[in-house]
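Q: Next up is a structure, given as structure tokens.
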Amino acid sequence: MTKTNAGRFFEDYSVGQVIRHAVPRTVKMGERALYHALYPARHALYSSDQFAQACGLPFSPLDDMIAFHVIFGKTVPDVSLNAVANLGYAEGRWVTPVWPGDTLRSESEVIGLKQNSNGKTGVVWVRTRGLNQHDELVMEYVRWVMVRKRDIDAPAQDTVVPELKSVVPAGALVIPKGLDFSTYDFDLAGEPHRWGDYAIGEVIDHVDGVTIEEAEHMMATRLWQNTAKVHFDATFRPDGQRLIYGGHVISMARALSFNGLANAQMIVGLNGGAHANPCFSGDTVRAWSEVLDKAETGAPGVGAVRLRLVAVKDGGSFELKGEDGKYLPHVLLDLDYWALMPV
Amino acid sequence: MTKTNAGRFFEDYSVGQVIRHAVPRTVKMGERALYHALYPARHALYSSDQFAQACGLPFSPLDDMIAFHVIFGKTVPDVSLNAVANLGYAEGRWVTPVWPGDTLRSESEVIGLKQNSNGKTGVVWVRTRGLNQHDELVMEYVRWVMVRKRDIDAPAQDTVVPELKSVVPAGALVIPKGLDFSTYDFDLAGEPHRWGDYAIGEVIDHVDGVTIEEAEHMMATRLWQNTAKVHFDATFRPDGQRLIYGGHVISMARALSFNGLANAQMIVGLNGGAHANPCFSGDTVRAWSEVLDKAETGAPGVGAVRLRLVAVKDGGSFELKGEDGKYLPHVLLDLDYWALMPV
Amino acid sequence: MTKTNAGRFFEDYSVGQVIRHAVPRTVKMGERALYHALYPARHALYSSDQFAQACGLPFSPLDDMIAFHVIFGKTVPDVSLNAVANLGYAEGRWVTPVWPGDTLRSESEVIGLKQNSNGKTGVVWVRTRGLNQHDELVMEYVRWVMVRKRDIDAPAQDTVVPELKSVVPAGALVIPKGLDFSTYDFDLAGEPHRWGDYAIGEVIDHVDGVTIEEAEHMMATRLWQNTAKVHFDATFRPDGQRLIYGGHVISMARALSFNGLANAQMIVGLNGGAHANPCFSGDTVRAWSEVLDKAETGAPGVGAVRLRLVAVKDGGSFELKGEDGKYLPHVLLDLDYWALMPV
């Protein structure tokens with residue numbers, strides 16, 4: 001019995017601790033095919049080698065969110081197996097594209113700890129780095145979760161709350177080497193709207209909806225080797241429902257955002273995000289975006305746009321929060337990210 | 001709001017117009033693995049590199065219907081987003097096999113227009129061509145759909161009804177370069193029946209049935225980047241059902257036809273087809289075929305057979321149409337195609 | 001009608017008969033990606049090329065159970081289409097790893113026959129060999145099934161009951177060429193427990209559970225080109241349920257066993273196995289293992305461990321059998337296999 005992994009509890013973490021997460025993963029075109037079967041993903045740079053080559057890349061990388069999910073999935077057994085809540089993300093950057101055949105692994109450094117006043121749980125901040133087989137940084141992000149204590153009588157650890165940027169500065173975004181949108185083919189990409197056509201404050205309704213199935217979210221979540229039981233075991237919750245991995249909603253919303261943001265080709269920064277309400281099988285997910293900011297980049301023809309991506313269920317409105325400042329019940333996701341777009 | 005694609009309406013088409021469809025797609029072995037997981041596909045030429053090599057090909061191409069679905073899927077945002085009905089297919093030909101790593105894109109030329117007498121809709125005929133990264137023609141077909149008008153007061157366009165062949169002549173079929181069935185291994189292929197064993201008029205019951213699941217038809221349809229919302233959004237129809245992409249039924253029936261037509265290895269011509277009735281999750285799909293014609297080809301050991309492939313649901317009989325000439329309610333698909341078989 | 005395969009009946013088999021099974025299959029990384037989406041598979045050797053290379057292999061082979069399923073699936077149309085029951089396995093050995101791009105085919109030799117006293121059915125023993133494109137033996141196993149007679153008045157065949165080993169001797173296990181666990185990275189593998197840490201008789205609860213979905217077991221079963229209709233056609237059984245392929249339960253239980261047996265990297269022997277009770281969609285599958293034996297191997301750092309892997313449903317206990325010696329209703333699978341582990 002003692003050989004199974006019970007996961008880490010709050011008192012198992014210490015600031016400065018570095019955790020090498022298990023099970024590196026080689027990803028190829030099979031993972032991409034599945035990603036495109038599980039989500040209505042159509043951004044041309046991630047669909048066609050020739051389109052990617054016309055944009056200065058050697059060929060088409062794996063989708064930005066594949067990188068995130070694989071790197072995130074590895075952290076689950078060490079970071080969130082005993083998590084009560086996934087509280088937030090910050091300072092996320094995609095640094096090196098993932099090419100078919102690359103092998104990804106993850107490491108996390110504990111950068112903050114704060115026991116809650118109830119003495120039963122605490123908040124753990126980790127900075128996770130995904131590396132490829134050349135030890136190059138693929139992406140990094142900060143995440144904080146609320147974790148149970150094993151022993152509620154264990155003494156409280158010293159509180160360390162990291163200072164985190166509310167937004168990744170545009171100047172800190174990494175543009176993939178060689179990226180060049182100066183001869184971008186808008187016909188093949190699917191929409192004519194360029195960076196200059198988007199105004200700060202503009203809201204885009206992505207119109208389409210997808211009703212979520214158990215088999216699909218479980219396949220997606222397993223593909224990232226995220227094995228948190230609440231996603232798979234219908235007997236785990238009293239209501240017999242499987243909680244859907246928040247990343248499934250992110251990828252669904254990002255894919256739906258093609259309709260109106262087909263040219264927001266690559267995600268390069270993650271400023272923040274909240275999984276506002278749980279998502280379950282049978283929910284119909286829709287999405288809308290708001291343009292939060294715009295920035296120039298040094299790469300030819302490439303602009304950056306900061307977007308809020310909101311996923312809602314079952315005909316929810318564009319309202320995000322109630323008078324109490326809390327997310328309305330139909331809001332599933334509120335994500336803040338930077339994407340690259342042809343100017 | 002104005003950035004999302006509302007699709008084309010009847011008055012947006014004009015005869016001679018050429019539409020370059022968006023989002024080229026690189027397809028590899030991942031797409032094949034998914035195809036073989038979603039359908040009981042077993043034709044040996046599409047399963048084994050060595051079997052394909054023994055038939056004169058460099059290695060195993062992607063399934064003929066993968067080519068069709070990818071090329072078709074790209075046309076949906078431009079052709080059928082506002083379609084009321086998918087009326088027919090004609091003059092379909094597979095011209096160049098799709099090899100793993102190829103990138104496919106589609107173009108359609110409008111070849112006919114006819115406003116309906118109700119003034120609300122019209123019929124649009126397009127000839128779609130799928131091209132690979134070398135600009136070689138992969139396949140082509142004509143399809144006609146009934147499309148809504150945006151403005152019912154818009155003046156009717158001049159009627160142009162294209163003349164279409166009811167059957168692709170056997171002499172116009174393209175045999176893949178190098179194809180040679182003269183040393184065909186019937187054991188490995190799965191059945192002993194050769195071209196000479198099939199008689200015109202013969203009917204084959206494919207026996208097996210598959211009960212359709214939502215997750216499977218959605219994954220298949222997304223894989224072809226066909227994003228028509230009626231396939232994904234359970235809130236779209238008043239009855240809460242998701243309409244299954246007609247191509248899902250084609251591929252299911254084709255795969256089921258292995259049992260009795262294991263040697264009808266490659267589809268090379270599409271003479272016509274009707275999606276007779278809608279298919280929904282929970283339907284159990286079965287199939288039967290009728291031999292409509294046979295023809296010789298110039299390739300060694302290769303014969304062509306013209307087949308009617310009929311998909312039915314839930315224990316339907318071999319009857320196709322009622323006394324009123326309309327398809328009986330259990331008929332899902334009536335497809336007329338040419339396949340290549342060892343003589 | 002006569003062209004469809006009705007399958008073999010008991011009187012169609014004779015001892016010494018060799019059946020070449022149809023439809024060879026080229027398997028690549030797409031099949032792996034699907035395997036890892038359908039099961040929570042995380043054994044590092046099958047996940048990362050670099051991990052496999054650090055263990056002396058050229059790169060990561062396809063999962064041991066992919067080899068089994070593909071080879072098994074090919075035998076279904078010839079061996080078990082008219083089977084009433086799958087009775088057992090013995091003398092299974094994995095001999096050559098499957099590398100991406102290999103093409104697998106199967107042959108079976110009939111090694112035993114015994115008509116049942118009711119005169120309606122008989123038991124058929126076959127030794128199945130899976131071969132790759134170089135005609136190398138990939139794996140072999142003996143399986144016996146109860147098969148219907150076509151004609152109950154057909155005379156009984158001479159009874160031949162093969163002598164089968166109850167356990168594959170450790171000395172007969174084939175260690176993959178080059179395998180070396182002497183610099184094994186336990187952090188990346190996911191658990192610290194080595195061969196020396198496991199005691200004979202030790203029982204390990206794998207804790208996690210997965211609730212089974214129709215779409216997933218059908219996709220898995222199709223991927224192995226196993227087309228037995230009872231897995232796909234909800235109208236086949238009077239209760240409207242689709243019987244889940246027993247191999248789906250094996251792979252699910254094996255993947256769940258990562259939690260506690262993360263270092264039981266490669267399956268190399270199959271001593272026996274019983275599908276104790278049928279599994280249906282909606283069942284929640286859990287697993288536990290018992291260490292049955294341990295053996296040294298000649299390979300550096302590599303030990304062998306003989307494990308009982310038991311899959312249960314819906315909160316079943318660790319009890320296997322009732323007082324009557326029969327499996328308890330919650331037991332789905334009782335499998336006896338050899339795996340390789342770092343010493």
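Naming works like this for the structure tokens: A, B, ... for the chains as they're shown, residue 1 at the start of each chain, ligands 1 onward in shown order.
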Per DSSP on the backbone, filter region 246-284 of chain C down to the residues in alpha helix (DSSP H) and report them as a list in words.

A: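 Alpha helix (DSSP H) members of region 246-284 of chain C, listed: Gly246, Gly247, His248, Val249, Ile250, Ser251, Met252, Ala253, Arg254, Ala255, Leu256, Phe258, Asn259, Gly260 and Leu261 of chain C.
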
Q: Just asking: which residues within region 60-133 of chain A are strand (DSSP E or B) according to DSSP, as a ChimeraX atom specification?

A: /A:83-94,103-115,121-131

Q: Mind checking which residues fall within 6 Å of region 101-116 of chain A, counting only C-alpha atoms, ignoring those fewer than 6 positions away in the same chain, and posting them as a PyMOL selection string?

A: chain A and resi 15-21+24-28+71+122-133+159-162

Q: Only C-alpha atoms, please: the residues just picked out, written as an mmCIF file, in the first residue's frame.

A:
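Just written: out_13.cif:
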data_model
loop_
_atom_site.group_PDB
_atom_site.id
_atom_site.type_symbol
_atom_site.label_atom_id
_atom_site.label_comp_id
_atom_site.auth_asym_id
_atom_site.auth_seq_id
_atom_site.Cartn_x
_atom_site.Cartn_y
_atom_site.Cartn_z
ATOM 1 C CA VAL A 15 10.682 27.858 -0.648
ATOM 2 C CA GLY A 16 13.585 27.265 -3.007
ATOM 3 C CA GLN A 17 12.815 23.561 -3.383
ATOM 4 C CA VAL A 18 13.144 22.330 -6.976
ATOM 5 C CA ILE A 19 11.035 19.361 -8.066
ATOM 6 C CA ARG A 20 12.019 17.385 -11.164
ATOM 7 C CA HIS A 21 8.713 16.045 -12.426
ATOM 8 C CA PRO A 24 9.381 12.918 -19.958
ATOM 9 C CA ARG A 25 7.326 12.725 -23.117
ATOM 10 C CA THR A 26 8.267 12.595 -26.783
ATOM 11 C CA VAL A 27 5.581 14.359 -28.813
ATOM 12 C CA LYS A 28 5.062 14.025 -32.548
ATOM 13 C CA ILE A 71 4.442 20.651 -19.291
ATOM 14 C CA GLY A 122 -2.076 26.661 2.389
ATOM 15 C CA VAL A 123 -1.197 28.319 -0.850
ATOM 16 C CA VAL A 124 1.847 27.107 -2.786
ATOM 17 C CA TRP A 125 3.385 29.140 -5.602
ATOM 18 C CA VAL A 126 5.575 27.312 -8.117
ATOM 19 C CA ARG A 127 7.466 28.508 -11.143
ATOM 20 C CA THR A 128 7.354 25.651 -13.666
ATOM 21 C CA ARG A 129 9.826 25.350 -16.501
ATOM 22 C CA GLY A 130 9.343 23.021 -19.455
ATOM 23 C CA LEU A 131 12.533 21.886 -21.142
ATOM 24 C CA ASN A 132 13.193 19.977 -24.321
ATOM 25 C CA GLN A 133 15.785 17.254 -24.981
ATOM 26 C CA THR A 159 4.964 33.088 4.733
ATOM 27 C CA VAL A 160 6.597 34.056 1.454
ATOM 28 C CA VAL A 161 4.378 35.712 -1.125
ATOM 29 C CA PRO A 162 6.195 36.242 -4.417
#

Q: Any chance you could tabulate, as a Markdown table, the residues of chain C at most 8 Å from chain A with each one's nearest atom pair and distance in Å to one decimal, using only C-alpha atoms, in chain and rising number order?

A:
| residue | atom | partner | partner_atom | distance |
| --- | --- | --- | --- | --- |
| C:Met29 | CA | A:Gly30 | CA | 5.7 |
| C:Gly30 | CA | A:Gly30 | CA | 4.0 |
| C:Glu31 | CA | A:Gly30 | CA | 7.4 |
| C:Arg32 | CA | A:Gly30 | CA | 7.5 |
| C:Ala33 | CA | A:Gly30 | CA | 5.2 |
| C:Leu34 | CA | A:Leu34 | CA | 7.4 |
| C:His36 | CA | A:Leu223 | CA | 5.6 |
| C:Ala37 | CA | A:Leu223 | CA | 4.4 |
| C:Leu38 | CA | A:Met219 | CA | 5.7 |
| C:Tyr39 | CA | A:Arg222 | CA | 6.9 |
| C:Pro40 | CA | A:Arg222 | CA | 5.5 |
| C:Ala41 | CA | A:Gln225 | CA | 7.4 |
| C:Arg42 | CA | A:Val23 | CA | 6.6 |
| C:His43 | CA | A:Val23 | CA | 7.2 |
| C:Ala44 | CA | A:Val23 | CA | 5.1 |
| C:Ser47 | CA | A:Arg25 | CA | 4.9 |
| C:Ser48 | CA | A:Arg25 | CA | 4.6 |
| C:Asp49 | CA | A:Thr26 | CA | 6.2 |
| C:Gln50 | CA | A:Gln133 | CA | 7.3 |
| C:Phe51 | CA | A:Pro24 | CA | 7.4 |
| C:Asp187 | CA | A:Ala22 | CA | 5.9 |
| C:Leu188 | CA | A:Ala22 | CA | 4.1 |
| C:Ala189 | CA | A:Val23 | CA | 5.5 |
| C:Gly190 | CA | A:Ala22 | CA | 4.6 |
| C:Glu191 | CA | A:Asn5 | CA | 8.0 |
| C:His193 | CA | A:Lys3 | CA | 7.3 |
| C:Val203 | CA | A:Met1 | CA | 6.9 |
| C:Ile204 | CA | A:Met1 | CA | 5.1 |
| C:Asp205 | CA | A:Met1 | CA | 5.7 |
| C:His206 | CA | A:Thr4 | CA | 6.5 |
| C:Val207 | CA | A:Thr4 | CA | 7.5 |
| C:Asp208 | CA | A:Lys229 | CA | 6.2 |
| C:Gly209 | CA | A:Asp233 | CA | 5.3 |
| C:Val210 | CA | A:Asp233 | CA | 4.7 |
| C:Thr211 | CA | A:Asp233 | CA | 5.2 |
| C:Glu213 | CA | A:Ala215 | CA | 6.0 |
| C:Glu214 | CA | A:Ala215 | CA | 8.0 |
| C:Ala215 | CA | A:Ala215 | CA | 6.2 |
| C:Glu216 | CA | A:Ala215 | CA | 6.1 |
| C:Asn259 | CA | A:Thr4 | CA | 5.2 |
| C:Gly260 | CA | A:Thr4 | CA | 4.3 |
| C:Leu261 | CA | A:Lys3 | CA | 7.8 |
| C:Thr284 | CA | A:Asp233 | CA | 6.7 |

Q: Could you check which of B:Tyr327, B:Trp288, B:Tyr245, B:Tyr35 is closest to Ala311 (chain B), using only C-alpha atoms?

A: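 Among B:Tyr327, B:Trp288, B:Tyr245, B:Tyr35, it is B:Trp288 that comes nearest to Ala311 (chain B).
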
Q: Tell me, in Å to one decimal, how far CA of Phe186 (chain C) is from CA of Thr297 (chain C).

A: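 Separation of CA of Phe186 (chain C) and CA of Thr297 (chain C): 19.7 Å.
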
Q: Could you list, as a PyMOL selection string, every residue within 7 Å of region 312-317 of chain C, counting only C-alpha atoms and ignoring same-chain residues fewer than 2 positions away?

A: chain C and resi 283-287+310+319+330-332

Q: With all heavy atoms retained, could you export that selection as a CSV table (one decimal), in the first residue's frame?

A:
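What landed in out-v6.csv:
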chain,number,residue,atom,x,y,z
C,283,ASP,N,-19.0,1.3,-16.0
C,283,ASP,CA,-18.2,0.7,-14.9
C,283,ASP,C,-17.0,1.5,-14.6
C,283,ASP,O,-16.3,2.1,-15.5
C,283,ASP,CB,-17.7,-0.7,-15.3
C,283,ASP,CG,-18.8,-1.8,-15.4
C,283,ASP,OD1,-19.9,-1.5,-15.0
C,283,ASP,OD2,-18.5,-2.9,-16.0
C,284,THR,N,-16.7,1.7,-13.3
C,284,THR,CA,-15.4,2.3,-12.9
C,284,THR,C,-14.4,1.3,-12.6
C,284,THR,O,-14.6,0.5,-11.7
C,284,THR,CB,-15.7,3.3,-11.7
C,284,THR,OG1,-16.7,4.3,-12.1
C,284,THR,CG2,-14.4,3.9,-11.3
C,285,VAL,N,-13.3,1.3,-13.4
C,285,VAL,CA,-12.3,0.2,-13.3
C,285,VAL,C,-11.2,0.7,-12.3
C,285,VAL,O,-10.7,1.8,-12.5
C,285,VAL,CB,-11.7,-0.1,-14.7
C,285,VAL,CG1,-10.6,-1.1,-14.6
C,285,VAL,CG2,-12.8,-0.6,-15.6
C,286,ARG,N,-10.9,-0.2,-11.4
C,286,ARG,CA,-9.7,0.0,-10.5
C,286,ARG,C,-8.8,-1.2,-10.6
C,286,ARG,O,-9.2,-2.2,-11.2
C,286,ARG,CB,-10.1,0.2,-9.1
C,286,ARG,CG,-10.8,1.6,-8.8
C,286,ARG,CD,-11.1,1.8,-7.4
C,286,ARG,NE,-11.6,3.2,-7.2
C,286,ARG,CZ,-12.8,3.5,-7.6
C,286,ARG,NH1,-13.7,2.7,-8.0
C,286,ARG,NH2,-13.2,4.8,-7.4
C,287,ALA,N,-7.6,-1.1,-10.0
C,287,ALA,CA,-6.7,-2.3,-10.2
C,287,ALA,C,-5.9,-2.5,-8.9
C,287,ALA,O,-5.6,-1.5,-8.2
C,287,ALA,CB,-5.8,-2.1,-11.4
C,310,VAL,N,-5.0,-7.4,-11.1
C,310,VAL,CA,-6.4,-7.7,-11.0
C,310,VAL,C,-7.2,-6.4,-11.3
C,310,VAL,O,-6.9,-5.4,-10.7
C,310,VAL,CB,-6.8,-8.2,-9.6
C,310,VAL,CG1,-8.3,-8.4,-9.5
C,310,VAL,CG2,-6.1,-9.6,-9.4
C,319,GLU,N,-10.7,-9.3,-2.5
C,319,GLU,CA,-11.0,-10.7,-2.7
C,319,GLU,C,-11.2,-11.0,-4.1
C,319,GLU,O,-11.9,-10.3,-4.8
C,319,GLU,CB,-12.3,-11.0,-1.9
C,319,GLU,CG,-12.0,-11.1,-0.4
C,319,GLU,CD,-13.3,-11.2,0.4
C,319,GLU,OE1,-14.0,-10.2,0.6
C,319,GLU,OE2,-13.7,-12.4,0.7
C,330,HIS,N,-17.4,-8.6,-8.9
C,330,HIS,CA,-16.7,-7.4,-9.2
C,330,HIS,C,-15.4,-7.5,-9.9
C,330,HIS,O,-14.8,-6.5,-10.2
C,330,HIS,CB,-16.5,-6.6,-7.8
C,330,HIS,CG,-15.5,-7.2,-6.9
C,330,HIS,ND1,-15.8,-8.2,-6.1
C,330,HIS,CD2,-14.2,-7.0,-6.8
C,330,HIS,CE1,-14.7,-8.6,-5.4
C,330,HIS,NE2,-13.7,-7.9,-5.9
C,331,VAL,N,-14.9,-8.8,-10.0
C,331,VAL,CA,-13.6,-9.0,-10.6
C,331,VAL,C,-13.7,-9.0,-12.1
C,331,VAL,O,-14.5,-9.8,-12.7
C,331,VAL,CB,-12.9,-10.3,-10.1
C,331,VAL,CG1,-11.6,-10.5,-10.8
C,331,VAL,CG2,-12.8,-10.2,-8.6
C,332,LEU,N,-13.0,-8.2,-12.8
C,332,LEU,CA,-13.0,-8.1,-14.3
C,332,LEU,C,-11.9,-9.0,-14.9
C,332,LEU,O,-12.1,-9.6,-16.0
C,332,LEU,CB,-12.9,-6.7,-14.8
C,332,LEU,CG,-14.0,-5.7,-14.3
C,332,LEU,CD1,-13.7,-4.3,-14.7
C,332,LEU,CD2,-15.4,-6.2,-14.9

Q: Using only C-alpha atoms for the distances, tell me which of A:Val147, A:Glu163, A:Val168, A:Ala54 is nearest to Trp94 (chain A).

A: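 Counting only C-alpha atoms, the residue closest to Trp94 (chain A) is A:Val168.
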
Q: Considering only C-alpha atoms, can you say which of B:Arg306, B:Arg93, B:His275, B:His248 comes closest to Ile175 (chain B)?

A: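 Looking at the shortest contact to Ile175 (chain B), the residue is B:Arg93.
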
Q: For Ser182 (chain A), which residue among A:Ala304, A:Leu270, A:Ala299, A:Ala52 is the nearest when counting only C-alpha atoms?

A: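 Of all the options, A:Ala299 lies closest to Ser182 (chain A).
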